[in-house]
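Next comes model03.cif, with mmCIF, C-alpha atoms.
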data_entry
#
loop_
_atom_site.label_atom_id
_atom_site.label_comp_id
_atom_site.auth_asym_id
_atom_site.auth_seq_id
_atom_site.Cartn_x
_atom_site.Cartn_y
_atom_site.Cartn_z
CA MET E 1 81.74 72.26 96.98
CA THR E 2 84.17 70.12 98.94
CA GLN E 3 84.31 70.13 102.73
CA ASN E 4 87.48 72.23 102.63
CA GLU E 5 85.86 74.78 100.35
CA ARG E 6 82.88 75.06 102.66
CA ILE E 7 85.16 75.64 105.65
CA ALA E 8 87.21 78.14 103.63
CA LYS E 9 84.00 79.97 102.79
CA LEU E 10 82.94 80.25 106.43
CA LEU E 11 86.42 81.45 107.34
CA ALA E 12 86.55 84.02 104.52
CA LEU E 13 83.12 85.39 105.37
CA HIS E 14 83.19 85.44 109.18
CA GLY E 15 86.82 84.83 110.20
CA LEU E 16 87.78 88.40 111.11
CA GLU E 17 84.82 89.11 113.36
CA LEU E 18 85.05 85.71 115.06
CA ALA E 19 88.77 86.20 115.64
CA ARG E 20 88.01 89.48 117.36
CA HIS E 21 85.21 87.96 119.42
CA LEU E 22 87.45 85.10 120.59
CA ARG E 23 90.45 87.31 121.22
CA ARG E 24 88.36 89.56 123.43
CA LEU E 25 86.97 86.66 125.38
CA VAL E 26 90.21 84.77 125.99
CA ARG E 27 92.74 87.62 125.78
CA ASP E 28 95.29 85.41 124.05
CA SER E 29 95.89 85.33 120.29
CA ASP E 30 97.30 81.79 120.17
CA ALA E 31 94.36 80.42 122.12
CA ALA E 32 91.98 82.44 119.92
CA GLN E 33 93.47 80.81 116.83
CA ASP E 34 93.04 77.30 118.26
CA LEU E 35 89.48 78.13 119.26
CA LEU E 36 88.64 79.57 115.85
CA GLN E 37 89.93 76.40 114.23
CA ASP E 38 87.83 74.30 116.57
CA THR E 39 84.80 76.51 116.02
CA LEU E 40 84.98 76.13 112.24
CA LEU E 41 85.20 72.36 112.38
CA ARG E 42 82.27 72.11 114.77
CA ALA E 43 80.17 74.68 112.95
CA HIS E 44 80.82 72.99 109.64
CA ARG E 45 79.54 69.69 111.05
CA ALA E 46 76.49 71.36 112.57
CA LEU E 47 75.67 73.31 109.41
CA THR E 48 76.01 70.22 107.21
CA ARG E 49 73.42 68.59 109.45
CA LEU E 50 71.12 71.62 109.38
CA GLY E 51 71.25 72.18 105.65
CA PRO E 52 70.76 75.43 103.72
CA GLY E 53 68.87 78.28 105.31
CA ALA E 54 70.51 77.92 108.73
CA ASN E 55 71.84 81.17 110.14
CA GLU E 56 75.56 80.49 109.79
CA ARG E 57 76.71 83.57 111.60
CA ALA E 58 74.54 82.92 114.66
CA TRP E 59 75.77 79.33 114.84
CA LEU E 60 79.37 80.36 114.53
CA TYR E 61 79.05 82.93 117.31
CA ARG E 62 77.30 80.52 119.61
CA ILE E 63 79.83 77.76 119.03
CA ALA E 64 82.75 80.18 119.39
CA THR E 65 81.38 81.55 122.65
CA ASN E 66 80.94 78.07 124.10
CA ALA E 67 84.42 77.05 122.95
CA ALA E 68 85.88 80.12 124.63
CA LEU E 69 84.02 79.42 127.87
CA ASN E 70 85.20 75.82 127.93
CA TYR E 71 88.72 77.00 127.35
CA LEU E 72 88.60 79.56 130.14
CA ARG E 73 87.16 76.98 132.51
CA SER E 74 89.45 74.09 131.69
CA ARG E 75 92.63 76.11 131.74
CA SER E 76 91.49 78.10 134.76
CA ARG E 77 92.89 81.13 133.06
CA GLU E 78 89.77 83.11 133.54
CA ARG E 79 91.13 84.82 136.59
CA ARG E 80 94.03 86.22 134.63
CA ALA E 81 91.79 87.07 131.71
CA LEU E 82 89.47 88.93 134.01
CA GLU E 83 92.35 90.80 135.53
CA ARG E 84 93.34 91.88 132.06
CA HIS E 85 89.76 92.93 131.38
CA ALA E 86 89.94 94.92 134.57
CA GLY E 87 93.14 96.58 133.39
CA GLU E 88 91.49 97.61 130.17
CA VAL E 89 88.28 98.79 131.73
CA ASN E 90 90.58 100.74 133.98
CA GLY E 91 92.52 102.01 130.94
CA HIS E 92 89.63 103.59 129.10
CA GLY E 93 87.48 104.33 132.09
CA SER E 94 84.35 102.57 130.97
CA TRP E 95 81.36 101.59 133.11
CA ALA E 96 80.26 104.79 134.71
CA GLY E 97 80.32 104.48 138.46
CA TRP E 98 83.50 102.42 138.69
CA GLU E 99 86.02 104.94 137.46
CA GLY E 100 87.77 106.58 140.33
CA GLU E 101 87.58 103.39 142.35
CA THR E 102 90.67 102.21 144.10
CA ASP E 103 92.66 99.32 142.68
CA GLU E 104 91.63 97.24 145.66
CA ARG E 105 87.97 97.73 145.02
CA ARG E 106 88.45 97.01 141.34
CA ALA E 107 90.28 93.80 142.18
CA ALA E 108 87.43 92.90 144.51
CA LEU E 109 84.98 93.59 141.68
CA TRP E 110 86.73 91.28 139.25
CA ASN E 111 87.11 88.62 141.91
CA GLY E 112 83.41 88.94 142.46
CA ILE E 113 82.79 88.52 138.74
CA ALA E 114 84.96 85.41 138.66
CA ALA E 115 82.77 83.85 141.35
CA LEU E 116 79.45 84.52 139.57
CA PRO E 117 77.44 81.74 137.92
CA GLU E 118 78.63 81.16 134.37
CA ARG E 119 75.93 82.92 132.37
CA GLN E 120 75.96 85.97 134.62
CA ARG E 121 79.72 86.09 134.42
CA VAL E 122 79.80 85.96 130.62
CA ALA E 123 77.00 88.50 130.28
CA ILE E 124 78.62 91.04 132.54
CA THR E 125 82.06 90.50 131.02
CA LEU E 126 80.68 91.21 127.54
CA ARG E 127 78.89 94.24 128.93
CA LEU E 128 81.87 95.71 130.79
CA ALA E 129 84.86 94.75 128.72
CA ASP E 130 83.34 94.79 125.23
CA GLU E 131 80.65 97.36 125.98
CA LEU E 132 78.09 95.41 123.98
CA ASP E 133 74.39 96.20 124.09
CA TYR E 134 71.92 93.56 125.31
CA GLN E 135 70.92 92.55 121.79
CA ALA E 136 74.57 91.79 120.91
CA ILE E 137 75.20 90.01 124.22
CA GLY E 138 72.13 87.86 123.59
CA GLU E 139 73.34 86.99 120.08
CA ARG E 140 76.71 85.87 121.35
CA MET E 141 75.27 83.83 124.21
CA GLY E 142 72.44 82.34 122.18
CA CYS E 143 69.63 83.90 124.21
CA SER E 144 67.24 86.83 123.94
CA ALA E 145 68.15 90.44 124.69
CA GLU E 146 65.80 90.25 127.69
CA ALA E 147 67.59 87.19 129.08
CA ALA E 148 70.92 88.96 128.58
CA ARG E 149 69.64 92.02 130.41
CA ALA E 150 68.36 89.82 133.25
CA ASN E 151 71.75 88.13 133.58
CA VAL E 152 73.57 91.45 133.70
CA TYR E 153 71.04 92.74 136.23
CA GLN E 154 71.42 89.71 138.50
CA ALA E 155 75.20 89.92 138.25
CA THR E 156 75.21 93.62 139.10
CA LYS E 157 72.92 93.05 142.07
CA ARG E 158 75.12 90.30 143.47
CA LEU E 159 78.28 92.30 142.93
CA LYS E 160 76.84 95.28 144.77
CA LEU E 161 76.02 93.08 147.73
CA GLU E 162 79.44 91.48 147.78
CA VAL E 163 81.72 94.34 146.85
CA THR E 164 80.22 97.25 148.75
CA MET B 1 95.18 102.15 124.22
CA LYS B 2 95.64 99.80 121.28
CA SER B 3 94.91 101.32 117.89
CA LEU B 4 92.22 99.98 115.62
CA THR B 5 94.73 98.89 113.00
CA ALA B 6 96.72 96.93 115.57
CA GLU B 7 93.49 95.14 116.48
CA ARG B 8 92.77 94.46 112.82
CA ARG B 9 96.21 93.04 112.27
CA ALA B 10 95.85 90.77 115.28
CA ASP B 11 92.49 89.49 113.98
CA GLU B 12 93.93 88.98 110.53
CA ARG B 13 96.93 87.04 111.84
CA ILE B 14 94.54 84.66 113.57
CA VAL B 15 92.47 84.12 110.43
CA LEU B 16 95.58 83.59 108.28
CA GLY B 17 96.90 81.13 110.86
CA VAL B 18 93.70 79.08 110.59
CA PHE B 19 93.77 79.16 106.77
CA ASP B 20 97.31 77.78 106.93
CA ALA B 21 96.75 75.14 109.61
CA LEU B 22 93.36 73.87 108.49
CA LEU B 23 93.36 74.35 104.72
CA ALA B 24 97.03 74.71 103.70
CA ARG B 25 96.27 78.08 102.12
CA ARG B 26 99.20 80.39 102.69
CA GLY B 27 100.87 83.59 101.59
CA GLU B 28 99.42 87.00 100.93
CA PRO B 29 95.63 86.85 101.21
CA ILE B 30 93.13 87.75 98.52
CA ARG B 31 90.78 90.34 99.99
CA TYR B 32 87.31 90.75 98.56
CA ALA B 33 84.14 92.77 98.86
CA MET B 34 80.78 93.10 97.16
CA MET B 35 79.82 96.45 95.64
CA THR B 36 76.05 96.84 95.53
CA ASP B 37 73.86 99.39 93.76
CA THR B 38 75.98 100.15 90.72
CA PRO B 39 74.23 101.03 87.43
CA VAL B 40 75.22 97.57 86.18
CA GLY B 41 74.11 95.63 89.27
CA GLN B 42 76.11 94.04 92.06
CA LEU B 43 79.84 93.54 91.48
CA GLY B 44 82.30 91.26 93.24
CA LEU B 45 85.79 92.74 93.68
CA ALA B 46 88.99 91.02 94.76
CA LEU B 47 92.42 92.44 95.46
CA GLY B 48 95.62 90.40 95.58
CA PRO B 49 99.21 91.48 96.28
CA GLY B 50 99.66 92.39 92.58
CA GLY B 51 96.51 94.49 92.34
CA LEU B 52 92.89 94.04 91.35
CA CYS B 53 92.57 90.39 90.35
CA ARG B 54 88.80 89.99 90.00
CA LEU B 55 85.88 92.17 89.02
CA ASP B 56 82.79 90.12 88.27
CA TYR B 57 79.14 90.80 87.67
CA SER B 58 77.81 88.80 90.57
CA SER B 59 74.35 89.00 92.06
CA ASP B 60 75.28 86.15 94.39
CA GLU B 61 78.12 86.51 96.91
CA ASP B 62 78.26 82.75 97.50
CA ARG B 63 78.95 82.09 93.88
CA PHE B 64 81.55 84.85 93.65
CA LEU B 65 83.30 83.44 96.72
CA ALA B 66 83.23 79.91 95.31
CA GLY B 67 84.83 81.24 92.11
CA LEU B 68 87.62 82.91 94.08
CA LEU B 69 88.24 79.77 96.15
CA GLY B 70 88.63 77.81 92.92
CA ALA B 71 90.74 80.36 91.06
CA PHE B 72 93.15 81.03 93.93
CA GLY B 73 93.29 77.54 95.37
CA ASP B 74 96.45 78.07 97.44
CA ARG B 75 95.62 81.49 98.87
CA PRO B 76 93.79 82.59 101.99
CA LEU B 77 90.70 84.63 101.31
CA ILE B 78 89.22 87.37 103.48
CA ARG B 79 86.08 89.46 103.16
CA GLN B 80 87.38 92.93 103.95
CA ARG B 81 85.54 95.90 102.59
CA ALA B 82 88.05 98.46 103.86
CA ALA B 83 90.80 96.98 101.66
CA LEU B 84 88.69 97.64 98.55
CA ASP B 85 87.80 101.24 99.44
CA GLY B 86 90.19 102.77 96.90
CA VAL B 87 88.94 100.52 94.11
CA MET B 88 85.31 101.33 94.93
CA ARG B 89 86.06 105.05 94.91
CA GLN B 90 87.47 104.78 91.39
CA LEU B 91 84.47 102.74 90.26
CA ASP B 92 82.14 105.36 91.74
CA ARG B 93 83.94 108.04 89.75
CA TYR B 94 83.64 105.94 86.62
CA PHE B 95 79.91 105.26 87.07
CA SER B 96 79.15 108.89 87.85
CA GLY B 97 81.09 109.95 84.75
CA ARG B 98 83.60 112.09 86.65
CA SER B 99 86.41 109.95 85.24
CA LEU B 100 86.16 107.20 82.66
CA THR B 101 89.71 105.96 83.18
CA PHE B 102 91.20 103.91 86.01
CA ASP B 103 94.48 104.26 87.76
CA LEU B 104 94.71 100.83 89.37
CA PRO B 105 97.25 98.04 89.33
CA VAL B 106 95.61 94.99 87.75
CA ASP B 107 96.82 91.45 88.32
CA LEU B 108 96.14 89.17 85.36
CA SER B 109 98.54 86.47 86.51
CA PRO B 110 96.12 83.52 86.18
CA VAL B 111 95.88 84.36 82.44
CA SER B 112 98.77 83.71 80.04
CA GLY B 113 99.79 83.56 76.37
CA PHE B 114 97.55 84.90 73.61
CA ALA B 115 94.63 85.45 76.02
CA LYS B 116 96.75 87.72 78.17
CA ARG B 117 97.98 89.69 75.15
CA VAL B 118 94.35 90.21 74.11
CA LEU B 119 93.42 91.57 77.57
CA LEU B 120 96.48 93.84 77.66
CA ALA B 121 95.58 95.16 74.20
CA ALA B 122 92.04 95.85 75.46
CA THR B 123 93.40 98.00 78.30
CA ARG B 124 94.91 100.30 75.66
CA ILE B 125 91.54 101.11 74.04
CA PRO B 126 90.54 104.53 75.42
CA PRO B 127 86.96 105.17 76.60
CA GLY B 128 84.77 106.34 73.72
CA ARG B 129 86.48 104.02 71.23
CA VAL B 130 85.75 100.46 70.16
CA LEU B 131 87.62 97.76 68.22
CA SER B 132 86.39 94.71 66.35
CA TYR B 133 87.29 91.17 67.41
CA ALA B 134 89.57 90.88 64.38
CA GLU B 135 91.31 94.16 65.22
CA ILE B 136 92.00 93.18 68.83
CA ALA B 137 93.24 89.76 67.66
CA GLY B 138 95.62 91.62 65.34
CA LYS B 139 96.88 93.85 68.15
CA ALA B 140 97.52 90.71 70.20
CA GLY B 141 99.64 89.35 67.34
CA ASN B 142 97.30 87.09 65.37
CA PRO B 143 94.67 88.83 63.19
CA LYS B 144 93.13 85.50 62.18
CA ALA B 145 92.36 84.48 65.76
CA SER B 146 89.25 86.60 66.31
CA ARG B 147 87.33 83.65 67.78
CA ALA B 148 90.13 82.93 70.29
CA ALA B 149 90.22 86.66 71.09
CA GLY B 150 86.46 86.60 71.77
CA ASN B 151 86.97 83.64 74.06
CA ALA B 152 89.75 85.43 75.98
CA LEU B 153 87.59 88.52 76.38
CA HIS B 154 84.66 86.42 77.57
CA HIS B 155 86.88 85.04 80.35
CA ASN B 156 88.27 88.44 81.35
CA PRO B 157 88.74 88.18 85.15
CA VAL B 158 88.69 91.96 85.68
CA ALA B 159 85.63 93.32 83.86
CA ILE B 160 85.13 97.07 83.26
CA VAL B 161 88.67 98.01 84.39
CA VAL B 162 90.07 95.75 81.65
CA PRO B 163 87.52 97.07 79.14
CA CYS B 164 86.54 93.97 77.19
CA HIS B 165 83.21 95.71 76.56
CA ARG B 166 85.00 97.99 74.04
CA ILE B 167 85.26 95.14 71.54
CA VAL B 168 82.25 94.77 69.22
CA ARG B 169 81.36 92.89 66.04
CA THR B 170 82.44 94.10 62.62
CA GLY B 171 79.35 95.52 60.96
CA GLY B 172 78.01 97.31 63.97
CA SER B 173 76.33 94.81 66.28
CA LEU B 174 77.34 94.64 69.92
CA GLY B 175 78.48 91.03 70.15
CA GLY B 176 78.30 89.06 73.38
CA TYR B 177 79.25 90.00 76.92
CA GLY B 178 79.87 87.86 79.99
CA GLY B 179 78.07 90.42 82.14
CA GLY B 180 75.01 90.55 79.86
CA VAL B 181 74.58 92.50 76.62
CA GLU B 182 72.41 95.12 78.38
CA ASN B 183 75.34 96.01 80.63
CA LYS B 184 77.68 96.19 77.65
CA ARG B 185 75.27 98.61 75.97
CA TRP B 186 75.06 100.70 79.16
CA LEU B 187 78.85 100.93 79.47
CA LEU B 188 79.39 101.93 75.83
CA ARG B 189 76.63 104.56 75.94
CA HIS B 190 78.03 105.85 79.22
CA GLU B 191 81.44 106.21 77.57
CA ARG B 192 79.80 107.90 74.55
CA ALA B 193 81.23 105.32 72.21
CA GLY B 194 78.36 105.66 69.69
CA SER B 195 74.63 105.08 69.66
CA TRP B 196 74.37 101.46 70.71
#
Represent the structure contained in this file as structure tokens.
Amino acid sequence: MTQNERIAKLLALHGLELARHLRRLVRDSDAAQDLLQDTLLRAHRALTRLGPGANERAWLYRIATNAALNYLRSRSRERRALERHAGEVNGHGSWAGWEGETDERRAALWNGIAALPERQRVAITLRLADELDYQAIGERMGCSAEAARANVYQATKRLKLEVT
Amino acid sequence: MKSLTAERRADERIVLGVFDALLARRGEPIRYAMMTDTPVGQLGLALGPGGLCRLDYSSDEDRFLAGLLGAFGDRPLIRQRAALDGVMRQLDRYFSGRSLTFDLPVDLSPVSGFAKRVLLAATRIPPGRVLSYAEIAGKAGNPKASRAAGNALHHNPVAIVVPCHRIVRTGGSLGGYGGGVENKRWLLRHERAGSW
């Protein structure tokens, strides 16, 4: 198999779910496409090094998540992305306890999230906006479900202190 | 709230964009899925804009995928089970015996000439009937070309739906089958085409 065929294979197998993952993280289809492209090239290099038997899907998710984080950081678009997350959380009323809040308090919440340490911020964003369980959050961040739960817990604790 | 299909389309646009930019594969994608647990083992299915373009006996998804990448070298390729739902429903009906015929558009465009005429002639053999290699060669326009007809049938890209299993040797033996002679025997018995 040539390099292009190997990349095509990864894209055929995992492209749709990675596109969704990236789109949800960065809230921008064009950026998601660039990031998916980048992810495939990096993952292909990593997987060539690792050889057969490596968990392709886990690698792809981890690389995609890191690529998305770098993007959000470097473009300092995370604030806008978070605002859009807030709009959507608002839209379908998820996260029991925050529906019925005023717009001001919601804005304060998402400002609070933007100021959290990186891993807490990602964990709670995946929890609130994507409504993932801890196992799935752990898979996307490359850590255990327990670590994901701890990050969400720490984030929630800090937000309660700051927002209330 | 955005609908699920709008989300799917957005995801698909991204994937197609990457196929184009990174691999110069463009146009309508080929969508594929694996169908497990059939009476004849795992099948790989692929659907192009013209219809079902691949139905392979394939215990190994990697190999099926590699075959598609080679056969449709300029097309994007997406694993998408939902797109193959209709095809799988018809296959389920076939395997359960509720209907032995298919109502599916089939795309044989990678095949041409005599080989294509052989495959088209095979699609006209009803379930429960068989032809010999010489007979199918004759229906394709060259009764002397039974070996070439056998070769075309062996390379049938859409097994079962294009029923190459309904061609057997003169004299009553089964002949070969790309998907394994045991599967050919199962299909013919299932269609009540004699006591094979």
Quiz item: atom CA of Leu65 of chain B and atom CA of Lys9 of chain E, how far apart in Å?
Solution: 7.0 Å
Practice problem: Would you give me, as number ranges by chain, the residues of chain B that come within 7 Å of chain E, using all atoms listed in the file? | Solution: B: 11-12, 14-15, 17-18, 23, 69, 77-79
Quiz prompt | Separation of atom CA of Tyr94 of chain B from atom CA of Tyr133 of chain B in Å | solution =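 Taking atom CA of Tyr133 of chain B as the start and atom CA of Tyr94 of chain B as the end point, the length is 24.5 Å.
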Quiz prompt | Distance criterion (all atoms listed in the file): nearest to Glu135 of chain B out of B:Leu120, B:Arg98, B:Ala149, B:Ile30 | solution = B:Ala149
Practice problem: Would you kindly return, as a ChimeraX atom specification, each protein, DNA or RNA residue with an atom no farther than 12 Å from any atom of segment 172-183 of chain B, considering all atoms listed in the file and excluding same-chain residues fewer than 4 positions away? | Solution: /B:38-44,55-59,130-133,147,150-160,163-168,187-190,193-196
Quiz prompt | Between atom CA of Gln3 of chain E and atom CA of Ala82 of chain B, distance in Å (one decimal) | solution =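 It comes out at 28.6 Å.
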Since I can't run it myself right now, could you work out what the PyMOL selection byres ((chain E and resi 112) around 10) selects here and report it as a PDB file with C-alpha atoms, keeping the file's coordinate frame?
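Written out: part.pdb:
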ATOM      1  CA  ARG E 106      88.450  97.010 141.340  1.00  0.00           C
ATOM      2  CA  ALA E 107      90.280  93.800 142.180  1.00  0.00           C
ATOM      3  CA  ALA E 108      87.430  92.900 144.510  1.00  0.00           C
ATOM      4  CA  LEU E 109      84.980  93.590 141.680  1.00  0.00           C
ATOM      5  CA  TRP E 110      86.730  91.280 139.250  1.00  0.00           C
ATOM      6  CA  ASN E 111      87.110  88.620 141.910  1.00  0.00           C
ATOM      7  CA  ILE E 113      82.790  88.520 138.740  1.00  0.00           C
ATOM      8  CA  ALA E 114      84.960  85.410 138.660  1.00  0.00           C
ATOM      9  CA  ALA E 115      82.770  83.850 141.350  1.00  0.00           C
ATOM     10  CA  LEU E 116      79.450  84.520 139.570  1.00  0.00           C
ATOM     11  CA  ARG E 121      79.720  86.090 134.420  1.00  0.00           C
ATOM     12  CA  ALA E 155      75.200  89.920 138.250  1.00  0.00           C
ATOM     13  CA  ARG E 158      75.120  90.300 143.470  1.00  0.00           C
ATOM     14  CA  LEU E 159      78.280  92.300 142.930  1.00  0.00           C
ATOM     15  CA  LYS E 160      76.840  95.280 144.770  1.00  0.00           C
ATOM     16  CA  LEU E 161      76.020  93.080 147.730  1.00  0.00           C
ATOM     17  CA  GLU E 162      79.440  91.480 147.780  1.00  0.00           C
ATOM     18  CA  VAL E 163      81.720  94.340 146.850  1.00  0.00           C
TER      19      VAL E 163
END
Can you rebuild segment 47-68 of chain E with N, CA and C atoms and give it as a CSV table (one decimal), in the frame of the given file?
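Now in out-v3.csv:
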chain,number,residue,atom,x,y,z
E,47,LEU,N,76.4,72.7,110.5
E,47,LEU,CA,75.7,73.3,109.4
E,47,LEU,C,75.4,72.3,108.3
E,48,THR,N,76.3,71.3,108.2
E,48,THR,CA,76.0,70.2,107.2
E,48,THR,C,74.7,69.5,107.6
E,49,ARG,N,74.6,69.3,108.9
E,49,ARG,CA,73.4,68.6,109.4
E,49,ARG,C,72.2,69.4,109.2
E,50,LEU,N,72.3,70.7,109.4
E,50,LEU,CA,71.1,71.6,109.4
E,50,LEU,C,70.7,71.9,108.0
E,51,GLY,N,71.6,71.9,107.0
E,51,GLY,CA,71.2,72.2,105.6
E,51,GLY,C,71.1,73.7,105.4
E,52,PRO,N,70.8,74.0,104.1
E,52,PRO,CA,70.8,75.4,103.7
E,52,PRO,C,69.7,76.2,104.5
E,53,GLY,N,69.9,77.5,104.6
E,53,GLY,CA,68.9,78.3,105.3
E,53,GLY,C,69.2,78.5,106.8
E,54,ALA,N,70.1,77.7,107.3
E,54,ALA,CA,70.5,77.9,108.7
E,54,ALA,C,71.3,79.2,108.8
E,55,ASN,N,71.1,79.9,109.9
E,55,ASN,CA,71.8,81.2,110.1
E,55,ASN,C,73.3,80.9,110.6
E,56,GLU,N,74.2,80.9,109.6
E,56,GLU,CA,75.6,80.5,109.8
E,56,GLU,C,76.2,81.3,110.9
E,57,ARG,N,76.0,82.6,110.7
E,57,ARG,CA,76.7,83.6,111.6
E,57,ARG,C,76.3,83.3,113.1
E,58,ALA,N,75.0,83.1,113.3
E,58,ALA,CA,74.5,82.9,114.7
E,58,ALA,C,75.1,81.6,115.2
E,59,TRP,N,75.2,80.6,114.4
E,59,TRP,CA,75.8,79.3,114.8
E,59,TRP,C,77.2,79.5,115.2
E,60,LEU,N,77.9,80.2,114.3
E,60,LEU,CA,79.4,80.4,114.5
E,60,LEU,C,79.6,81.1,115.8
E,61,TYR,N,78.9,82.2,116.1
E,61,TYR,CA,79.0,82.9,117.3
E,61,TYR,C,78.8,82.1,118.5
E,62,ARG,N,77.7,81.3,118.4
E,62,ARG,CA,77.3,80.5,119.6
E,62,ARG,C,78.4,79.5,119.9
E,63,ILE,N,78.8,78.8,118.8
E,63,ILE,CA,79.8,77.8,119.0
E,63,ILE,C,81.1,78.4,119.5
E,64,ALA,N,81.5,79.5,119.0
E,64,ALA,CA,82.8,80.2,119.4
E,64,ALA,C,82.7,80.6,120.9
E,65,THR,N,81.5,81.1,121.3
E,65,THR,CA,81.4,81.6,122.6
E,65,THR,C,81.5,80.4,123.6
E,66,ASN,N,80.8,79.3,123.3
E,66,ASN,CA,80.9,78.1,124.1
E,66,ASN,C,82.4,77.5,124.2
E,67,ALA,N,83.0,77.5,123.0
E,67,ALA,CA,84.4,77.0,123.0
E,67,ALA,C,85.3,77.9,123.9
E,68,ALA,N,85.1,79.2,123.8
E,68,ALA,CA,85.9,80.1,124.6
E,68,ALA,C,85.6,79.9,126.1
